[in-house]
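Structure file input_21.cif; described as mmCIF, C-alpha atoms and all ligand atoms.
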```
data_protein
loop_
_atom_site.label_atom_id
_atom_site.label_comp_id
_atom_site.auth_asym_id
_atom_site.auth_seq_id
_atom_site.Cartn_x
_atom_site.Cartn_y
_atom_site.Cartn_z
CA MET A 10 53.15 124.81 87.09
CA ASN A 11 55.52 127.00 89.07
CA LEU A 12 58.85 127.30 87.26
CA LYS A 13 60.80 127.93 90.47
CA PHE A 14 59.46 124.74 91.95
CA LEU A 15 60.57 122.84 88.87
CA ILE A 16 64.06 124.27 89.11
CA VAL A 17 64.36 123.39 92.79
CA LEU A 18 63.17 119.89 92.00
CA LEU A 19 65.71 119.61 89.19
CA VAL A 20 68.59 120.81 91.36
CA PHE A 21 67.53 118.41 94.06
CA ALA A 22 67.42 115.53 91.60
CA ILE A 23 70.90 116.34 90.28
CA THR A 24 72.52 116.79 93.70
CA SER A 25 70.94 113.74 95.28
CA SER A 26 71.99 111.40 92.50
CA GLN A 27 75.35 113.14 92.77
CA ALA A 28 75.73 112.13 96.44
CA SER A 29 74.69 108.56 95.78
CA PHE A 30 77.20 108.32 92.90
CA GLU A 31 79.99 109.41 95.23
CA SER A 32 78.95 106.99 97.94
CA GLN A 33 78.91 104.26 95.31
CA ILE A 34 82.47 105.12 94.39
CA ILE A 35 83.52 105.02 98.04
CA ASP A 36 81.80 101.66 98.52
CA PHE A 37 83.54 100.42 95.39
CA LEU A 38 86.95 101.55 96.70
CA GLU A 39 86.29 99.83 100.05
CA GLU A 40 85.41 96.63 98.24
CA LEU A 41 88.57 97.04 96.18
CA ARG A 42 90.74 97.63 99.28
CA MET A 43 89.65 94.28 100.75
CA ARG A 44 90.81 92.52 97.60
CA MET A 45 94.01 94.32 96.67
CA CYS A 46 96.23 91.42 97.78
CA HIS A 47 94.76 89.39 94.89
CA PRO A 48 94.77 89.95 91.16
CA ILE A 49 91.37 91.19 89.95
CA PRO A 50 90.92 89.68 86.47
CA ASN A 51 87.74 91.60 85.58
CA LEU A 52 89.58 94.89 86.10
CA GLY A 53 92.75 93.60 84.45
CA MET A 54 94.65 94.37 87.66
CA PRO A 55 97.52 92.48 89.24
CA ALA A 56 97.72 92.17 93.05
CA LEU A 57 98.52 95.69 94.25
CA ASP A 58 99.32 95.24 97.95
CA PRO A 59 101.92 93.99 97.96
CA PHE A 60 102.68 94.78 94.35
CA GLN A 61 105.49 92.57 93.12
CA ILE A 62 107.80 92.63 90.12
CA PRO A 63 109.54 89.30 90.43
CA GLU A 64 111.52 89.47 87.18
CA HIS A 65 114.91 91.00 86.70
CA HIS A 66 114.80 94.52 85.21
CA GLU A 67 117.62 96.57 83.77
CA ILE A 68 117.50 100.32 84.24
CA ALA A 69 119.66 102.84 82.46
CA VAL A 70 119.60 106.53 83.33
CA ASP A 71 121.60 108.39 80.80
CA ASN A 72 122.82 111.73 81.96
CA LYS A 73 119.52 113.00 83.36
CA TYR A 74 119.45 115.16 86.48
CA PHE A 75 123.21 114.62 86.76
CA VAL A 76 122.69 110.95 87.24
CA ASP A 77 124.43 108.57 84.89
CA PHE A 78 124.11 104.91 85.64
CA ILE A 79 123.10 101.46 84.65
CA GLY A 80 121.50 99.23 87.16
CA SER A 81 119.02 96.52 87.79
CA ILE A 82 116.29 95.48 90.19
CA ASP A 83 115.17 92.00 91.18
CA ASP A 84 112.33 90.88 93.38
CA PHE A 85 110.73 94.30 93.81
CA PHE A 86 107.92 94.64 96.37
CA LEU A 87 105.76 97.69 97.04
CA HIS A 88 103.60 97.76 100.16
CA GLY A 89 100.88 100.00 101.54
CA LEU A 90 98.78 100.92 98.49
CA SER A 91 95.63 99.47 100.02
CA ASP A 92 95.85 101.70 103.11
CA PHE A 93 94.64 104.74 101.18
CA LYS A 94 92.43 107.26 102.96
CA ILE A 95 89.97 109.29 100.91
CA ASN A 96 90.08 112.83 102.32
CA ASP A 97 87.81 114.37 99.81
CA LEU A 98 85.71 113.21 96.87
CA ASN A 99 83.52 115.37 94.67
CA ILE A 100 82.62 113.85 91.36
CA TYR A 101 80.56 115.82 88.90
CA THR A 102 79.25 114.01 85.90
CA VAL A 103 77.96 117.17 84.28
CA PRO A 104 80.42 119.09 82.08
CA LEU A 105 81.95 122.36 83.36
CA ARG A 106 82.02 121.42 87.04
CA ARG A 107 85.37 120.58 88.58
CA SER A 108 85.65 117.16 90.22
CA THR A 109 88.19 116.46 92.96
CA ILE A 110 89.69 113.49 94.67
CA ASN A 111 92.15 113.85 97.53
CA VAL A 112 93.86 110.71 98.84
CA THR A 113 96.51 110.00 101.48
CA PHE A 114 98.74 106.93 101.65
CA PRO A 115 99.90 106.92 105.31
CA LEU A 116 102.87 104.61 104.72
CA THR A 117 104.15 103.10 101.50
CA TRP A 118 107.46 101.37 101.17
CA PHE A 119 109.37 99.23 98.73
CA GLN A 120 112.09 96.70 99.08
CA THR A 121 114.15 95.22 96.28
CA LEU A 122 117.49 93.75 95.38
CA TYR A 123 119.41 96.20 93.29
CA SER A 124 122.65 96.90 91.52
CA ALA A 125 123.93 100.25 90.28
CA LYS A 126 127.03 101.33 88.43
CA GLY A 127 127.68 104.88 87.35
CA SER A 128 128.09 108.31 88.83
CA LEU A 129 126.24 111.12 90.55
CA ALA A 130 127.08 114.49 89.05
CA TYR A 131 130.28 112.86 87.69
CA ILE A 132 131.74 113.21 91.16
CA VAL A 133 130.68 110.26 93.22
CA ASN A 134 131.03 106.76 91.85
CA LEU A 135 128.19 104.35 92.32
CA ALA A 136 129.15 100.72 92.48
CA GLY A 137 126.62 99.11 94.71
CA ASP A 138 124.46 96.08 94.99
CA GLY A 139 122.40 94.55 97.75
CA ASN A 140 119.13 95.33 99.46
CA ALA A 141 117.37 98.60 98.84
CA GLU A 142 114.48 99.94 100.87
CA ALA A 143 112.66 103.23 100.78
CA SER A 144 109.59 104.45 102.58
CA ILE A 145 107.30 107.41 102.16
CA THR A 146 105.02 108.67 104.90
CA ASP A 147 101.82 110.63 104.40
CA PHE A 148 101.93 110.87 100.65
CA THR A 149 98.88 112.96 99.78
CA PHE A 150 97.77 113.78 96.31
CA SER A 151 94.84 115.66 94.99
CA PHE A 152 93.55 115.35 91.43
CA SER A 153 90.99 117.70 90.00
CA TRP A 154 89.55 117.79 86.50
CA ILE A 155 86.63 118.82 84.35
CA LEU A 156 84.67 116.29 82.35
CA LYS A 157 84.58 116.97 78.61
CA SER A 158 81.21 116.81 76.98
CA GLY A 159 80.72 114.05 74.44
CA ILE A 160 79.60 110.46 74.33
CA HIS A 161 82.97 109.02 75.16
CA LEU A 162 84.64 110.06 78.37
CA GLY A 163 87.43 112.59 78.46
CA ILE A 164 88.85 115.10 80.91
CA ARG A 165 90.47 118.50 80.62
CA GLY A 166 92.07 121.01 82.91
CA LEU A 167 93.72 118.35 85.05
CA GLN A 168 95.44 119.69 88.16
CA ILE A 169 97.59 117.61 90.45
CA GLU A 170 98.83 118.60 93.87
CA MET A 171 101.15 116.45 95.91
CA TYR A 172 102.43 116.52 99.41
CA LEU A 173 105.10 114.29 100.86
CA GLY A 174 105.30 113.91 104.63
CA GLY A 175 108.64 112.15 104.86
CA LEU A 176 111.10 110.06 102.90
CA ASN A 177 113.59 107.52 104.08
CA VAL A 178 115.91 105.54 101.83
CA ASP A 179 118.39 102.83 102.60
CA PHE A 180 120.44 101.41 99.76
CA GLN A 181 122.93 98.91 101.08
CA ASN A 182 126.50 99.60 99.82
CA LEU A 183 125.42 102.22 97.31
CA LEU A 184 128.80 103.91 97.30
CA GLU A 185 132.16 102.29 97.72
CA GLU A 186 133.46 104.71 100.28
CA GLU A 187 131.66 104.11 103.59
CA ARG A 188 131.69 107.72 104.76
CA ILE A 189 130.42 109.10 101.48
CA ASN A 190 127.76 106.41 101.53
CA GLU A 191 126.56 107.59 104.93
CA PHE A 192 126.74 111.19 103.84
CA ILE A 193 124.66 110.65 100.71
CA HIS A 194 122.03 108.72 102.66
CA ALA A 195 121.81 111.43 105.30
CA LEU A 196 121.56 114.04 102.54
CA ILE A 197 118.73 112.25 100.75
CA ASN A 198 116.88 111.59 103.99
CA GLU A 199 117.25 115.19 105.11
CA LEU A 200 116.71 116.96 101.81
CA GLY A 201 114.82 114.40 99.75
CA VAL A 202 111.40 115.88 100.36
CA GLU A 203 112.54 119.37 99.35
CA LEU A 204 114.46 118.01 96.39
CA LEU A 205 111.46 116.09 95.09
CA ASP A 206 109.34 119.14 95.69
CA ASP A 207 111.70 121.18 93.49
CA ILE A 208 111.78 118.58 90.73
CA TRP A 209 107.98 118.45 90.92
CA THR A 210 107.73 122.23 90.67
CA TYR A 211 109.87 122.28 87.52
CA GLU A 212 108.44 119.21 85.82
CA GLN A 213 104.82 119.56 86.88
CA ASP A 214 103.45 120.83 83.55
CA VAL A 215 105.07 118.03 81.61
CA VAL A 216 103.87 115.38 84.02
CA VAL A 217 100.33 116.71 84.20
CA ALA A 218 100.03 116.86 80.39
CA TRP A 219 101.40 113.34 80.13
CA VAL A 220 98.98 112.01 82.76
CA GLU A 221 96.01 113.77 81.17
CA THR A 222 96.81 112.22 77.78
CA ARG A 223 97.17 108.77 79.31
CA ILE A 224 93.91 109.09 81.21
CA ASN A 225 92.09 110.25 78.08
CA ASN A 226 93.54 107.43 76.00
CA PHE A 227 92.26 104.99 78.58
CA ILE A 228 88.84 106.35 79.50
CA GLY A 229 88.09 107.45 75.91
CA GLN A 230 87.09 103.84 75.24
CA TYR A 231 84.21 104.16 77.70
CA THR A 232 81.04 106.16 78.13
CA LEU A 233 79.86 107.45 81.49
CA ALA A 234 77.18 104.76 81.50
CA ASP A 235 79.89 102.08 81.18
CA ILE A 236 81.77 103.47 84.16
CA ILE A 237 78.66 103.73 86.31
CA LYS A 238 77.88 100.12 85.42
CA ILE A 239 81.39 99.01 86.42
CA ILE A 240 81.26 100.88 89.73
CA ALA A 241 77.69 99.95 90.61
CA GLY A 242 78.38 96.33 89.58
CA GLY A 243 80.96 96.19 92.38
CA GLY A 244 78.20 96.64 94.95
CA GLY A 245 77.12 93.06 94.37
CA GLU A 246 73.83 93.66 92.61
CA GLY A 247 72.83 90.91 90.24
CA GLY A 248 71.55 91.86 86.83
CA GLU A 249 72.90 90.94 83.45
CA SER A 250 76.48 92.25 83.80
CA LYS A 251 79.11 90.07 85.44
CA PRO A 252 80.00 91.29 88.97
CA ILE A 253 83.36 92.99 88.81
CA PHE A 254 84.86 91.21 91.84
CA ASP A 255 83.61 87.82 90.73
CA GLY A 256 85.61 85.05 92.39
CA VAL A 257 87.99 87.38 94.29
CA GLU A 258 87.77 86.93 98.09
CA PRO A 259 87.52 90.11 100.22
CA ASP A 260 90.00 88.72 102.74
CA CYS A 261 93.03 91.01 102.41
CA LYS A 262 92.50 93.00 105.61
CA LEU A 263 91.30 90.23 107.92
CA SER A 264 94.44 90.05 110.06
CA GLU A 265 94.35 93.77 110.76
CA ASP A 266 92.13 95.88 112.95
C1 LIG A 301 93.96 117.09 100.79
O1 LIG A 301 93.54 116.63 102.05
C2 LIG A 301 94.44 116.92 103.10
C3 LIG A 301 93.92 116.25 104.37
O2 LIG A 301 92.57 116.55 104.60
C4 LIG A 301 94.56 118.44 103.24
O3 LIG A 301 95.48 118.75 104.27
C5 LIG A 301 95.05 119.02 101.93
O4 LIG A 301 95.10 120.43 102.00
C6 LIG A 301 94.15 118.60 100.78
N1 LIG A 301 94.76 119.05 99.53
C7 LIG A 301 94.09 119.73 98.60
C8 LIG A 301 94.85 120.15 97.41
O5 LIG A 301 92.92 119.97 98.73
#
```

Show me this structure written as structure tokens.
Amino acid sequence: MNLKFLIVLLVFAITSSQASFESQIIDFLEELRMRMCHPIPNLGMPALDPFQIPEHHEIAVDNKYFVDFIGSIDDFFLHGLSDFKINDLNIYTVPLRRSTINVTFPLTWFQTLYSAKGSLAYIVNLAGDGNAEASITDFTFSFSWILKSGIHLGIRGLQIEMYLGGLNVDFQNLLEEERINEFIHALINELGVELLDDIWTYEQDVVVAWVETRINNFIGQYTLADIIKIIAGGGGEGGESKPIFDGVEPDCKLSED
């Protein structure tokens, strides 16, 4: 038999199963999107849109980035996570090839009750409580990684790129003095994107290493076959494994266009 023909056949087999794996992931994410307003017990996920933290939480930031305060949040809601747009998806299940996913969240925002006491840069006193809202437009992130070889899953060479379209915050009564309050809000809303960009530039290595470790700790429990089963199971095929979305209605987007 012709060796070239065999190689072409092999490449074809790899790339075609490749494309169907990616379309399975996209189908899975679409199925997920329709259900993100409910908890999904088989994935161990709480409702994600809106995502709610009803309990009271204390937060203490001790002298980091010039911020020194104690505060709390109550009744925290995050909206918009299910509006994700997949810009790009290339998943390689063979080692050495770099996989990519690029996602945009057009509008995410949170609202919460908050309290804060402390100081910014030891200059401005924080003594606020009330409603807090913040929104982010066009948050795009791109993850890329290489699959490690081995039975259990693992990744290496993680790269993360982020882009923030816009940021708007509104913390009611954050600062005692009205004019400083307005000034600080204007400053954050004007410079916030650049400021976050700077923090990201300086802290990127630490964050990426942390994320990679977390991902490996999590996916290291699974083999590729397990993951394919989970994702393919979402498509509603019968078989012996329990469908992943069992009992969760796909009704979260019905009121929208
Ligand atoms: C992600 O996708 C957006 C929209 O298509 C694009 O503008 C951006 O450059 C991509 N980012 C990366 C790192 O590929």

As a quick test: using all atoms listed in the file, which residues lie no more than 6 Å away from ligand LIG 301 (chain A)? Give them as number ranges by chain. A: 96, 111, 151, 170

Write the residues of the preceding selection, restricted to C-alpha atoms, as a compact mmCIF listing (two decimals), keeping the file's coordinate frame.
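This is the output file selection35.txt:
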```
# COMPACT_ATOMS: atom_id res chain seq x y z
CA ASN A 96 90.08 112.83 102.32
CA ASN A 111 92.15 113.85 97.53
CA SER A 151 94.84 115.66 94.99
CA GLU A 170 98.83 118.60 93.87
```

Any idea what's packed within 12 Å of Asn140 in chain A, counting all atoms listed in the file, ignoring anything in its chain fewer than 6 positions away? Could you give it as a VMD selection string? chain A and resid 81 to 86 119 to 125 178 to 183

Could you give me, as number ranges by chain, the residues within 9 Å of Thr109 in chain A, counting only C-alpha atoms and dropping anything in the same chain fewer than 2 positions from it? A: 97-101, 107, 111, 151-154

Could you check the closest approach to Phe30 in chain A for each of A:Pro252, A:Thr102, A:Phe78, A:Ser264 and tell me which residue wins, using only C-alpha atoms? A:Thr102

Do you know which residues are at most 12 Å from Asp71 in chain A counting all atoms listed in the file, after dropping those on the same chain fewer than 2 positions away, and could you put them as a ChimeraX atom specification? /A:68-69,73-80,126-131

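Remark: for Ser108 in chain A, the closest of the candidate residues A:Lys157, A:His66, A:His88, A:His47 is A:Lys157 (distances computed over all atoms listed in the file).
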
Which value, in Å to one decimal, gives the distance between CA of Ile34 in chain A and CA of Val217 in chain A?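 Interatomic distance, CA of Ile34 in chain A to CA of Val217 in chain A: 23.6 Å.
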